[in-house]
$ cat work25.cif   # mmCIF, C-alpha atoms
data_data
loop_
_atom_site.label_atom_id
_atom_site.label_comp_id
_atom_site.auth_asym_id
_atom_site.auth_seq_id
_atom_site.Cartn_x
_atom_site.Cartn_y
_atom_site.Cartn_z
CA MET A 1 24.47 20.82 -38.00
CA PRO A 2 24.67 17.27 -36.80
CA TYR A 3 26.86 18.00 -33.77
CA ILE A 4 24.70 20.71 -32.30
CA ASN A 5 22.69 19.65 -29.33
CA SER A 6 20.04 22.33 -29.18
CA HIS A 7 18.83 21.26 -25.74
CA SER A 8 22.20 21.59 -24.07
CA ASN A 9 23.01 24.73 -22.19
CA SER A 10 26.75 24.39 -22.64
CA ARG A 11 28.55 27.30 -24.22
CA TYR A 12 30.40 24.93 -26.46
CA ILE A 13 28.91 22.70 -28.99
CA SER A 14 30.09 19.39 -27.66
CA ALA A 15 30.77 16.27 -29.68
CA PHE A 16 34.16 16.52 -31.26
CA ASP A 17 33.65 12.95 -32.45
CA LYS A 18 30.73 14.14 -34.56
CA TRP A 19 33.13 16.45 -36.31
CA GLN A 20 35.31 13.46 -37.09
CA GLU A 21 32.30 11.95 -38.86
CA GLN A 22 31.90 15.21 -40.71
CA LYS A 23 35.52 14.97 -41.87
CA ASP A 24 34.89 11.44 -43.13
CA PHE A 25 31.83 12.71 -44.93
CA VAL A 26 33.77 15.26 -46.98
CA LYS A 27 36.51 12.62 -47.43
CA PHE A 28 39.15 14.61 -45.60
CA THR A 29 41.93 12.00 -45.29
CA LYS A 30 45.54 11.63 -44.15
CA ASP A 31 46.52 12.45 -47.75
CA ASP A 32 44.84 15.80 -47.40
CA GLU A 33 46.65 16.47 -44.15
CA GLU A 34 49.96 15.66 -45.91
CA ALA A 35 49.10 17.89 -48.86
CA LEU A 36 48.31 20.80 -46.54
CA LYS A 37 51.58 20.27 -44.68
CA LYS A 38 53.42 20.65 -47.99
CA MET A 39 51.81 24.06 -48.26
CA HIS A 40 53.03 25.13 -44.81
CA PRO A 41 56.41 26.66 -45.87
CA THR A 42 54.64 28.72 -48.52
CA ALA A 43 52.04 29.78 -45.96
CA MET A 44 54.80 30.84 -43.56
CA LYS A 45 56.39 32.87 -46.32
CA TYR A 46 53.23 34.74 -47.29
CA ALA A 47 51.47 34.90 -43.93
CA ASP A 48 52.36 38.49 -43.00
CA ASP A 49 51.75 39.70 -46.52
CA PHE A 50 48.30 38.03 -46.65
CA VAL A 51 47.23 39.37 -43.30
CA GLU A 52 48.23 42.90 -44.33
CA LYS A 53 46.38 42.60 -47.64
CA LEU A 54 43.33 41.13 -45.94
CA TYR A 55 43.06 43.95 -43.43
CA GLU A 56 43.73 46.55 -46.10
CA HIS A 57 40.77 45.05 -47.93
CA LEU A 58 38.60 45.03 -44.79
CA MET A 59 39.55 48.62 -43.92
CA SER A 60 38.53 49.80 -47.36
CA HIS A 61 34.91 48.79 -46.80
CA PRO A 62 32.72 50.74 -44.35
CA ASP A 63 30.74 47.57 -43.62
CA THR A 64 33.80 45.82 -42.21
CA LYS A 65 35.76 48.87 -41.09
CA ARG A 66 33.42 49.59 -38.20
CA PHE A 67 34.53 46.39 -36.49
CA LEU A 68 38.16 47.52 -36.60
CA SER A 69 37.90 50.68 -34.56
CA ASP A 70 41.24 51.13 -32.83
CA GLU A 71 44.87 50.36 -33.55
CA LYS A 72 45.22 48.03 -30.57
CA THR A 73 42.33 45.77 -31.60
CA LEU A 74 43.60 45.79 -35.15
CA ASN A 75 47.06 44.58 -34.14
CA ARG A 76 45.62 41.89 -31.91
CA LEU A 77 43.34 40.74 -34.70
CA LYS A 78 46.21 40.64 -37.18
CA LEU A 79 48.17 38.36 -34.86
CA ALA A 80 45.15 36.12 -34.37
CA GLN A 81 44.56 36.10 -38.10
CA LYS A 82 48.11 35.04 -38.78
CA ALA A 83 47.86 32.18 -36.30
CA TYR A 84 44.54 31.20 -37.83
CA PHE A 85 46.04 31.18 -41.30
CA LEU A 86 49.05 29.12 -40.27
CA ASP A 87 46.80 26.64 -38.45
CA LEU A 88 45.17 25.88 -41.80
CA THR A 89 48.33 24.18 -43.05
CA SER A 90 49.64 22.93 -39.71
CA GLY A 91 48.71 19.32 -40.50
CA ASP A 92 47.08 18.88 -37.09
CA TYR A 93 43.30 18.94 -37.27
CA GLY A 94 42.44 17.51 -33.87
CA GLU A 95 40.39 18.72 -30.96
CA GLU A 96 42.41 21.90 -30.46
CA TYR A 97 41.78 22.90 -34.05
CA PHE A 98 38.08 22.06 -33.68
CA ASN A 99 37.72 24.24 -30.58
CA SER A 100 39.57 27.19 -32.08
CA ARG A 101 37.28 27.14 -35.14
CA LEU A 102 34.18 26.96 -33.00
CA LYS A 103 35.40 29.92 -30.99
CA VAL A 104 35.68 31.95 -34.19
CA GLY A 105 31.95 31.57 -34.79
CA ILE A 106 31.01 32.25 -31.17
CA VAL A 107 33.19 35.37 -30.92
CA HIS A 108 31.96 36.75 -34.23
CA GLN A 109 28.36 36.22 -33.20
CA ARG A 110 29.01 37.97 -29.89
CA ILE A 111 30.49 41.11 -31.48
CA GLY A 112 27.61 41.14 -33.96
CA LEU A 113 29.63 40.43 -37.09
CA PRO A 114 27.21 38.96 -39.61
CA PRO A 115 28.03 35.54 -41.14
CA ARG A 116 27.88 37.24 -44.55
CA ILE A 117 31.09 39.13 -43.73
CA TYR A 118 32.78 36.04 -42.38
CA MET A 119 31.96 34.12 -45.58
CA THR A 120 32.97 36.85 -48.04
CA THR A 121 36.20 37.47 -46.17
CA TYR A 122 37.01 33.80 -46.50
CA CYS A 123 36.40 34.12 -50.22
CA TYR A 124 38.88 36.98 -50.45
CA TYR A 125 41.33 34.82 -48.54
CA MET A 126 41.06 32.09 -51.16
CA GLN A 127 41.75 34.63 -53.87
CA LEU A 128 45.04 35.44 -52.14
CA ILE A 129 46.02 31.83 -51.48
CA ILE A 130 45.23 30.10 -54.78
CA PRO A 131 47.81 31.93 -56.92
CA THR A 132 50.53 30.92 -54.44
CA ILE A 133 49.61 27.26 -54.98
CA TYR A 134 49.42 27.22 -58.75
CA GLY A 135 52.17 29.77 -59.29
CA ASN A 136 54.54 27.88 -56.99
CA PRO A 137 57.55 26.32 -58.80
CA ASP A 138 57.93 23.73 -55.97
CA PHE A 139 54.59 22.08 -56.83
CA ASP A 140 53.88 20.11 -60.01
CA ALA A 141 50.33 20.23 -61.36
CA GLU A 142 49.25 17.09 -59.45
CA THR A 143 50.59 18.33 -56.11
CA ALA A 144 49.02 21.73 -56.68
CA ASN A 145 45.65 20.10 -57.36
CA ALA A 146 45.95 17.91 -54.26
CA ILE A 147 46.78 20.95 -52.12
CA PHE A 148 43.91 22.91 -53.62
CA MET A 149 41.48 20.08 -52.92
CA ALA A 150 42.68 19.62 -49.36
CA LEU A 151 42.45 23.34 -48.74
CA TYR A 152 39.00 23.46 -50.19
CA LYS A 153 37.86 20.66 -47.87
CA ILE A 154 39.38 22.07 -44.69
CA ILE A 155 37.99 25.52 -45.42
CA ASN A 156 34.55 24.04 -45.97
CA LEU A 157 34.83 22.23 -42.62
CA ASP A 158 35.99 25.49 -41.01
CA GLN A 159 33.09 27.44 -42.37
CA GLU A 160 30.59 24.83 -41.39
CA LEU A 161 31.88 24.87 -37.79
CA ALA A 162 31.84 28.63 -37.56
CA ILE A 163 28.33 28.92 -39.01
CA SER A 164 27.03 26.18 -36.71
CA ALA A 165 28.55 28.01 -33.75
CA TYR A 166 26.86 31.18 -34.96
CA ILE A 167 23.49 29.45 -35.11
CA HIS A 168 24.03 27.76 -31.77
CA ALA A 169 24.96 31.03 -30.07
CA THR A 170 21.89 32.72 -31.55
CA ASP A 171 19.68 29.81 -30.46
CA GLU A 172 20.99 30.18 -26.94
CA VAL A 173 20.08 33.85 -26.90
CA ILE A 174 16.59 33.04 -28.17
CA SER A 175 15.95 30.28 -25.64
CA ARG A 176 17.23 32.43 -22.78
CA GLN A 177 14.99 35.29 -23.84
CA SER A 178 11.92 33.13 -24.19
CA GLU A 179 12.54 31.76 -20.70
CA GLU A 180 12.76 35.29 -19.36
CA ILE A 181 9.61 36.34 -21.18
CA MET A 182 7.80 33.29 -19.84
CA GLU A 183 8.80 34.15 -16.29
CA MET A 184 7.86 37.79 -16.33
CA SER A 185 4.81 37.81 -18.52
CA THR A 186 2.13 36.27 -16.32
CA PRO A 187 1.75 38.22 -13.09
CA VAL A 188 -1.38 37.67 -11.01
CA ILE A 189 -2.18 40.56 -8.69
CA GLN A 190 -4.87 41.25 -6.15
CA ILE A 191 -6.49 44.57 -7.07
CA TRP A 192 -9.36 44.61 -4.59
CA ASP A 193 -10.48 42.59 -1.64
CA GLY A 194 -11.97 39.62 -3.49
CA VAL A 195 -10.70 40.51 -6.98
CA VAL A 196 -7.50 39.34 -8.66
CA ALA A 197 -6.29 40.53 -12.06
CA ALA A 198 -4.07 38.71 -14.53
CA PRO A 199 -2.90 40.57 -17.61
CA ILE A 200 -1.71 38.21 -20.33
CA ILE A 201 1.07 39.61 -22.51
CA GLY A 202 1.96 37.74 -25.68
CA THR A 203 0.69 34.53 -27.19
CA LEU A 204 -0.88 31.91 -24.97
CA ASP A 205 0.58 28.54 -25.91
CA SER A 206 -0.02 25.31 -24.02
CA GLY A 207 3.16 25.59 -21.93
CA ARG A 208 2.31 29.09 -20.78
CA THR A 209 -1.35 28.24 -20.20
CA GLN A 210 -0.34 25.54 -17.75
CA GLN A 211 1.90 27.94 -15.83
CA PHE A 212 -0.64 30.75 -16.02
CA MET A 213 -3.47 28.52 -14.83
CA GLU A 214 -1.45 27.32 -11.83
CA ARG A 215 -0.52 30.85 -10.78
CA LEU A 216 -4.04 32.18 -11.24
CA LEU A 217 -5.67 29.36 -9.28
CA GLU A 218 -3.11 29.54 -6.47
CA LYS A 219 -3.66 33.28 -6.14
CA ILE A 220 -7.46 32.94 -6.18
CA VAL A 221 -7.33 30.45 -3.31
CA GLU A 222 -4.64 32.41 -1.45
CA THR A 223 -6.63 35.67 -1.56
CA ASN A 224 -10.04 33.95 -1.37
CA SER A 225 -11.22 35.91 -4.40
CA PRO A 226 -14.61 35.15 -5.98
CA VAL A 227 -13.74 37.15 -9.12
CA ALA A 228 -10.72 37.00 -11.43
CA LEU A 229 -10.15 39.49 -14.24
CA VAL A 230 -8.16 38.00 -17.11
CA ASP A 231 -6.98 40.82 -19.35
CA ILE A 232 -6.15 39.98 -22.95
CA THR A 233 -5.23 43.47 -24.17
CA GLY A 234 -1.64 42.25 -24.57
CA VAL A 235 -2.56 39.20 -26.63
CA PRO A 236 -1.74 40.12 -30.23
CA GLN A 237 -3.99 37.63 -31.97
CA ILE A 238 -6.30 34.88 -30.88
CA ASP A 239 -6.75 31.51 -32.61
CA THR A 240 -8.78 28.43 -31.78
CA ALA A 241 -5.96 26.92 -29.69
CA THR A 242 -5.52 30.10 -27.63
CA ALA A 243 -9.28 30.36 -27.14
CA GLN A 244 -9.42 26.75 -25.99
CA HIS A 245 -6.62 27.43 -23.49
CA LEU A 246 -8.59 30.40 -22.17
CA ILE A 247 -11.76 28.32 -21.86
CA ASP A 248 -9.85 25.59 -19.99
CA THR A 249 -8.55 28.19 -17.56
CA ILE A 250 -12.04 29.62 -17.07
CA ASN A 251 -13.45 26.14 -16.39
CA ALA A 252 -10.74 25.39 -13.82
CA VAL A 253 -11.46 28.70 -12.08
CA LYS A 254 -15.17 27.89 -12.10
CA LEU A 255 -14.47 24.56 -10.36
CA LEU A 256 -12.73 26.45 -7.58
CA GLY A 257 -15.85 28.52 -7.03
CA SER A 258 -14.56 31.72 -8.54
CA GLN A 259 -15.56 33.48 -11.74
CA VAL A 260 -13.48 34.78 -14.63
CA ILE A 261 -14.25 38.01 -16.41
CA ILE A 262 -12.34 38.42 -19.67
CA THR A 263 -11.29 42.02 -20.17
CA GLY A 264 -9.46 43.85 -22.93
CA VAL A 265 -11.49 42.37 -25.78
CA ARG A 266 -10.40 44.67 -28.61
CA PRO A 267 -12.48 45.00 -31.81
CA VAL A 268 -10.07 42.84 -33.82
CA ILE A 269 -10.22 40.11 -31.15
CA ALA A 270 -14.04 40.27 -31.07
CA GLN A 271 -14.11 39.92 -34.87
CA THR A 272 -11.75 36.96 -34.83
CA LEU A 273 -13.69 35.18 -32.07
CA VAL A 274 -16.94 35.46 -34.01
CA HIS A 275 -15.36 34.45 -37.32
CA LEU A 276 -13.75 31.41 -35.71
CA GLY A 277 -17.12 30.49 -34.22
CA ILE A 278 -15.80 30.45 -30.66
CA ASP A 279 -18.69 30.63 -28.22
CA LEU A 280 -17.96 32.76 -25.17
CA THR A 281 -21.59 33.60 -24.38
CA ASP A 282 -21.42 31.93 -20.97
CA ILE A 283 -18.46 34.09 -20.04
CA ILE A 284 -18.60 37.74 -19.08
CA THR A 285 -16.40 39.75 -21.43
CA ARG A 286 -15.61 43.46 -21.32
CA PRO A 287 -13.60 45.79 -23.57
CA SER A 288 -11.44 47.18 -20.77
CA MET A 289 -10.05 46.21 -17.39
CA ALA A 290 -11.91 49.21 -15.87
CA ALA A 291 -15.25 47.94 -17.20
CA GLY A 292 -14.39 44.47 -15.91
CA LEU A 293 -13.61 45.83 -12.46
CA LYS A 294 -17.02 47.51 -12.34
CA VAL A 295 -18.69 44.16 -13.05
CA ALA A 296 -16.53 42.51 -10.40
CA LEU A 297 -17.46 45.09 -7.76
CA ASP A 298 -21.14 44.73 -8.67
CA LYS A 299 -20.88 40.98 -8.15
CA LEU A 300 -19.32 41.52 -4.74
CA SER A 301 -22.05 44.08 -3.91
CA ILE A 302 -19.41 46.73 -3.42
CA LYS A 303 -20.36 50.29 -4.23
CA VAL A 304 -17.68 52.84 -5.03
CA THR A 305 -18.72 56.47 -4.67
CA ASP A 306 -17.09 59.65 -5.86
CA MET A 307 -16.69 61.56 -2.60
CA SER A 308 -16.39 64.98 -4.24
CA LYS A 309 -19.69 64.57 -6.04
CA THR A 310 -21.45 63.28 -2.93
CA THR A 311 -20.36 66.21 -0.80
CA GLN A 312 -21.32 68.68 -3.53
CA GLY A 313 -24.75 67.13 -3.82
CA SER A 314 -25.52 67.14 -0.10
CA MET B 1 -11.60 4.72 5.08
CA ASP B 2 -14.96 3.17 5.75
CA GLY B 3 -18.28 4.89 5.22
CA ASN B 4 -19.16 4.99 8.93
CA SER B 5 -16.71 7.78 9.65
CA LEU B 6 -18.60 10.10 7.30
CA SER B 7 -20.78 12.57 9.11
CA VAL B 8 -23.60 14.49 7.54
CA ILE B 9 -24.16 17.61 9.61
CA LYS B 10 -27.52 19.34 9.55
CA LEU B 11 -27.27 23.12 9.81
CA LYS B 12 -30.78 24.59 9.87
CA ASN B 13 -32.15 23.62 6.45
CA ILE B 14 -28.75 22.81 4.91
CA LEU B 15 -26.60 19.67 5.02
CA LEU B 16 -22.81 19.88 5.37
CA VAL B 17 -20.52 16.99 4.49
CA THR B 18 -16.76 17.10 4.81
CA VAL B 19 -15.35 14.64 2.29
CA PRO B 20 -12.31 12.83 3.72
CA ASP B 21 -8.85 12.89 2.13
CA ASP B 22 -8.56 10.39 -0.75
CA PRO B 23 -12.04 8.81 -0.54
CA GLY B 24 -12.46 5.28 -1.88
CA ASP B 25 -15.29 4.24 -4.20
CA ASP B 26 -17.21 2.68 -1.28
CA THR B 27 -16.95 5.87 0.75
CA ILE B 28 -18.26 7.90 -2.16
CA GLN B 29 -21.20 5.56 -2.65
CA GLU B 30 -21.93 5.65 1.09
CA LEU B 31 -21.77 9.43 0.99
CA GLN B 32 -24.47 9.54 -1.68
CA ASN B 33 -26.79 7.25 0.29
CA LYS B 34 -26.35 9.14 3.54
CA VAL B 35 -26.93 12.50 1.88
CA LEU B 36 -30.09 11.41 0.08
CA ASN B 37 -31.51 9.82 3.24
CA ALA B 38 -30.78 12.95 5.25
CA ILE B 39 -32.49 15.15 2.66
CA GLU B 40 -35.57 12.98 2.84
CA LYS B 41 -35.52 13.09 6.62
CA TYR B 42 -34.90 16.82 7.11
CA GLU B 43 -36.36 18.14 3.85
CA SER B 44 -33.15 20.12 3.39
CA LYS B 45 -32.94 22.85 0.77
CA GLY B 46 -29.24 22.55 0.21
CA LEU B 47 -26.10 20.42 0.37
CA ILE B 48 -22.56 21.66 0.89
CA LEU B 49 -19.79 19.23 -0.02
CA ASP B 50 -16.54 20.46 1.53
CA ILE B 51 -13.80 18.88 -0.59
CA SER B 52 -10.88 20.98 0.66
CA ASN B 53 -9.17 17.82 1.98
CA VAL B 54 -9.41 16.01 -1.34
CA ASN B 55 -6.13 15.83 -3.25
CA ILE B 56 -7.19 13.53 -6.06
CA LEU B 57 -10.41 13.68 -8.01
CA ASP B 58 -10.98 10.63 -10.20
CA SER B 59 -13.64 10.08 -12.83
CA PHE B 60 -15.79 7.96 -10.50
CA PHE B 61 -15.83 10.64 -7.84
CA ALA B 62 -16.58 13.35 -10.41
CA ARG B 63 -19.46 11.32 -11.85
CA THR B 64 -20.90 10.57 -8.41
CA ILE B 65 -20.83 14.27 -7.51
CA SER B 66 -22.56 15.12 -10.79
CA GLU B 67 -25.20 12.41 -10.25
CA THR B 68 -25.73 13.28 -6.59
CA THR B 69 -26.30 16.89 -7.62
CA GLN B 70 -29.03 15.75 -10.01
CA MET B 71 -30.59 13.49 -7.37
CA VAL B 72 -30.51 16.25 -4.77
CA ALA B 73 -32.12 18.59 -7.30
CA LEU B 74 -34.90 16.05 -7.89
CA MET B 75 -35.51 16.12 -4.16
CA GLY B 76 -35.65 19.91 -4.17
CA GLY B 77 -32.12 20.83 -3.07
CA GLN B 78 -29.14 22.73 -4.49
CA THR B 79 -25.60 21.28 -4.25
CA VAL B 80 -22.54 23.44 -3.64
CA ILE B 81 -18.95 22.17 -3.87
CA ALA B 82 -16.71 24.11 -1.51
CA GLY B 83 -12.95 24.51 -1.32
CA MET B 84 -11.58 22.62 -4.29
CA GLN B 85 -7.78 22.72 -4.42
CA PRO B 86 -6.10 24.37 -7.44
CA ALA B 87 -4.24 21.18 -8.41
CA VAL B 88 -7.51 19.23 -8.37
CA ALA B 89 -9.20 21.87 -10.54
CA ILE B 90 -6.36 21.77 -13.07
CA THR B 91 -6.40 17.97 -13.28
CA ALA B 92 -10.18 17.94 -13.60
CA THR B 93 -10.01 20.44 -16.47
CA GLU B 94 -7.27 18.51 -18.24
CA LEU B 95 -9.22 15.27 -17.95
CA GLY B 96 -12.43 17.04 -19.01
CA LEU B 97 -14.23 16.01 -15.82
CA HIS B 98 -17.48 17.84 -15.17
CA LEU B 99 -19.39 18.28 -11.97
CA GLY B 100 -22.70 18.76 -13.72
CA LYS B 101 -25.03 21.35 -12.23
CA ALA B 102 -23.12 21.66 -8.96
CA ILE B 103 -22.06 25.21 -8.06
CA SER B 104 -18.54 25.76 -6.74
CA THR B 105 -17.45 28.16 -4.03
CA LEU B 106 -14.05 28.98 -2.61
CA ASP B 107 -14.93 27.85 0.91
CA VAL B 108 -17.80 26.77 3.18
CA ASP B 109 -18.43 30.37 4.28
CA LYS B 110 -19.18 31.43 0.74
CA ALA B 111 -21.31 28.34 0.22
CA LEU B 112 -23.46 29.36 3.20
CA ASP B 113 -23.72 32.86 1.66
CA ILE B 114 -25.26 31.34 -1.47
CA PHE B 115 -28.03 29.73 0.55
CA THR B 116 -28.76 32.77 2.69
CA ASP B 117 -28.84 34.98 -0.45
CA ASN B 118 -31.10 32.49 -2.21
CA PHE B 119 -33.49 32.29 0.71
CA LYS B 120 -33.65 36.05 0.92
CA THR B 121 -34.71 36.33 -2.70
CA VAL B 122 -37.02 33.34 -2.71
#
$ encode --input "work25.cif" --output "structure tokens"
Amino acid sequence: MPYINSHSNSRYISAFDKWQEQKDFVKFTKDDEEALKKMHPTAMKYADDFVEKLYEHLMSHPDTKRFLSDEKTLNRLKLAQKAYFLDLTSGDYGEEYFNSRLKVGIVHQRIGLPPRIYMTTYCYYMQLIIPTIYGNPDFDAETANAIFMALYKIINLDQELAISAYIHATDEVISRQSEEIMEMSTPVIQIWDGVVAAPIIGTLDSGRTQQFMERLLEKIVETNSPVALVDITGVPQIDTATAQHLIDTINAVKLLGSQVIITGVRPVIAQTLVHLGIDLTDIITRPSMAAGLKVALDKLSIKVTDMSKTTQGS
Amino acid sequence: MDGNSLSVIKLKNILLVTVPDDPGDDTIQELQNKVLNAIEKYESKGLILDISNVNILDSFFARTISETTQMVALMGGQTVIAGMQPAVAITATELGLHLGKAISTLDVDKALDIFTDNFKTV
């Protein structure tokens, strides 16, 4: 997908000029455009028939039928399909054509139509078109071959555009989601006077560590908390890199004059840490946030009493 | 910033030094000399370095703090670093700077607590 800029946030995959390069690459020339134009009257003649046959075919399969729920949508799609089909032999393969093909991929991705259906439908299309080329008395064998070749090339370009748009649209969804996850997954909350808690959900990569460390340190200073509970219950698996990120965070907190207690050390995490040879002996670790809070309160010389038990006893 | 503007304050048997914003190498060296002389003079048990004004911690400063801590320890005192800013702590961690045996606290208040607690137990 040479013309996809994965870092851009634009809805459209830019760079029409890249597509021109792509055309050159498959050797789609003026001759091909001419050949396709020759096919246009035939296409006009069969357009309605093809569209009907195509939708008959799609309606006969439950996999595709579910996308064609009501009559209104169906009619609109048939019209769009006809225009799409006639565009194939229009002879004009400029920017407008490029954008319309991209839109096909984007729209299909949005309604959740898998690329598999798009591709197989195109195959059925070819099965309808090819006989009208070779069975056409207007075309000699050479012309028919030229048309077939040109059609093959433009359809390949079409498919490539649509699939790239599919991938691009999916990539956008993924990057948006990971941004959202990043934003919401590292809250730092004060749970007691002098104690902050930070539950980590998900994997701790270097980007998130940086953000997490900043938030944790800011909160510690803001609330003047000597103890910080870092809960790793929500961390699915720990590796050496994650452990190192944790240790860095702990060291930074120590420099501030506060202390980290790691909570939520599950059996599987404990096993992994020992097997990886990661030394956390200088750090207080506890299996649960509750156990960690007890340690924190001890450190602050705070005693919590169960009032009901005290009154009963006295 | 010249070394003369540094003041080493004696509070009972503790010394308190407020490190100025962006200290130069000379200032840091001067700080070490003044602190060690004051410890000799007052036989202080502790040193509090308030670095809450410091925005940048370079390797020279970090090393001097670490060394001063060792020197103070040799003369019978404990060093406490008070009020480091989050950004400074992050940079220090990234650069792998260490402050040796110095203890950190969130602010001067908590640093004083350490000494009072210690003296109670001792």
$ interface_residues --input "work25.cif" --of "chain B" --to "chain A" --cutoff "7 Å" --atoms "only C-alpha atoms" --output "PyMOL selection string"
chain B and resi 83-86+89-90+93+104-106
$ atom_distance --input "work25.cif" --atom1 "atom CA of A:Thr186" --atom2 "atom CA of A:Ala296"
20.5 Å
$ closest_residue --input "work25.cif" --among "A:Gly234, A:Pro199, A:Pro114, A:Gly135" --to "A:Pro187" --atoms "all atoms listed in the file"
A:Pro199
$ atom_distance --input "work25.cif" --atom1 "atom CA of A:Val26" --atom2 "atom CA of A:Ile155"
11.2 Å
$ residues_around --input "work25.cif" --residues "B:His98" --least-positions-apart "6" --cutoff "10 Å" --atoms "all atoms listed in the file" --output "list of chain:residue names"
A:Asn251, A:Leu255, B:Ser59, B:Ala62, B:Arg63, B:Ile65, B:Ser66, B:Ala92
$ atom_distance --input "work25.cif" --atom1 "atom CA of B:Leu99" --atom2 "atom CA of B:Gly77"
15.7 Å
$ resolve_selection --input "work25.cif" --expression "the PyMOL selection byres ((chain B and resi 111-114) around 10)" --output "PDB file with C-alpha atoms, in the coordinates of the input"
ATOM      1  CA  GLY A 257     -15.850  28.520  -7.030  1.00  0.00           C
TER       2      GLY A 257
ATOM      3  CA  LEU B  11     -27.270  23.120   9.810  1.00  0.00           C
ATOM      4  CA  ILE B  14     -28.750  22.810   4.910  1.00  0.00           C
ATOM      5  CA  LEU B  16     -22.810  19.880   5.370  1.00  0.00           C
ATOM      6  CA  GLY B  46     -29.240  22.550   0.210  1.00  0.00           C
ATOM      7  CA  LEU B  47     -26.100  20.420   0.370  1.00  0.00           C
ATOM      8  CA  ILE B  48     -22.560  21.660   0.890  1.00  0.00           C
ATOM      9  CA  LEU B  49     -19.790  19.230  -0.020  1.00  0.00           C
ATOM     10  CA  ASP B  50     -16.540  20.460   1.530  1.00  0.00           C
ATOM     11  CA  GLN B  78     -29.140  22.730  -4.490  1.00  0.00           C
ATOM     12  CA  THR B  79     -25.600  21.280  -4.250  1.00  0.00           C
ATOM     13  CA  VAL B  80     -22.540  23.440  -3.640  1.00  0.00           C
ATOM     14  CA  ILE B  81     -18.950  22.170  -3.870  1.00  0.00           C
ATOM     15  CA  ALA B  82     -16.710  24.110  -1.510  1.00  0.00           C
ATOM     16  CA  GLY B  83     -12.950  24.510  -1.320  1.00  0.00           C
ATOM     17  CA  ILE B 103     -22.060  25.210  -8.060  1.00  0.00           C
ATOM     18  CA  SER B 104     -18.540  25.760  -6.740  1.00  0.00           C
ATOM     19  CA  THR B 105     -17.450  28.160  -4.030  1.00  0.00           C
ATOM     20  CA  LEU B 106     -14.050  28.980  -2.610  1.00  0.00           C
ATOM     21  CA  ASP B 107     -14.930  27.850   0.910  1.00  0.00           C
ATOM     22  CA  VAL B 108     -17.800  26.770   3.180  1.00  0.00           C
ATOM     23  CA  ASP B 109     -18.430  30.370   4.280  1.00  0.00           C
ATOM     24  CA  LYS B 110     -19.180  31.430   0.740  1.00  0.00           C
ATOM     25  CA  PHE B 115     -28.030  29.730   0.550  1.00  0.00           C
ATOM     26  CA  THR B 116     -28.760  32.770   2.690  1.00  0.00           C
ATOM     27  CA  ASP B 117     -28.840  34.980  -0.450  1.00  0.00           C
ATOM     28  CA  ASN B 118     -31.100  32.490  -2.210  1.00  0.00           C
ATOM     29  CA  PHE B 119     -33.490  32.290   0.710  1.00  0.00           C
ATOM     30  CA  LYS B 120     -33.650  36.050   0.920  1.00  0.00           C
TER      31      LYS B 120
END
$ resolve_selection --input "work25.cif" --expression "the PyMOL selection byres ((chain B and resi 36-41) around 9)" --output "number ranges by chain"
B: 8, 10, 14-15, 31-35, 42-47, 68, 71-72, 75-77
$ write_last_selection --input "work25.cif" --atoms "C-alpha atoms" --output "JSON list (two decimals), keeping the file's coordinate frame"
[["chain", "number", "residue", "atom", "x", "y", "z"],
["B", 8, "VAL", "CA", -23.60, 14.49, 7.54],
["B", 10, "LYS", "CA", -27.52, 19.34, 9.55],
["B", 14, "ILE", "CA", -28.75, 22.81, 4.91],
["B", 15, "LEU", "CA", -26.60, 19.67, 5.02],
["B", 31, "LEU", "CA", -21.77, 9.43, 0.99],
["B", 32, "GLN", "CA", -24.47, 9.54, -1.68],
["B", 33, "ASN", "CA", -26.79, 7.25, 0.29],
["B", 34, "LYS", "CA", -26.35, 9.14, 3.54],
["B", 35, "VAL", "CA", -26.93, 12.50, 1.88],
["B", 42, "TYR", "CA", -34.90, 16.82, 7.11],
["B", 43, "GLU", "CA", -36.36, 18.14, 3.85],
["B", 44, "SER", "CA", -33.15, 20.12, 3.39],
["B", 45, "LYS", "CA", -32.94, 22.85, 0.77],
["B", 46, "GLY", "CA", -29.24, 22.55, 0.21],
["B", 47, "LEU", "CA", -26.10, 20.42, 0.37],
["B", 68, "THR", "CA", -25.73, 13.28, -6.59],
["B", 71, "MET", "CA", -30.59, 13.49, -7.37],
["B", 72, "VAL", "CA", -30.51, 16.25, -4.77],
["B", 75, "MET", "CA", -35.51, 16.12, -4.16],
["B", 76, "GLY", "CA", -35.65, 19.91, -4.17],
["B", 77, "GLY", "CA", -32.12, 20.83, -3.07]]
$ closest_residue --input "work25.cif" --among "A:Arg76, A:His275, A:Lys103, A:Lys299" --to "A:Ala228" --atoms "all atoms listed in the file"
A:Lys299
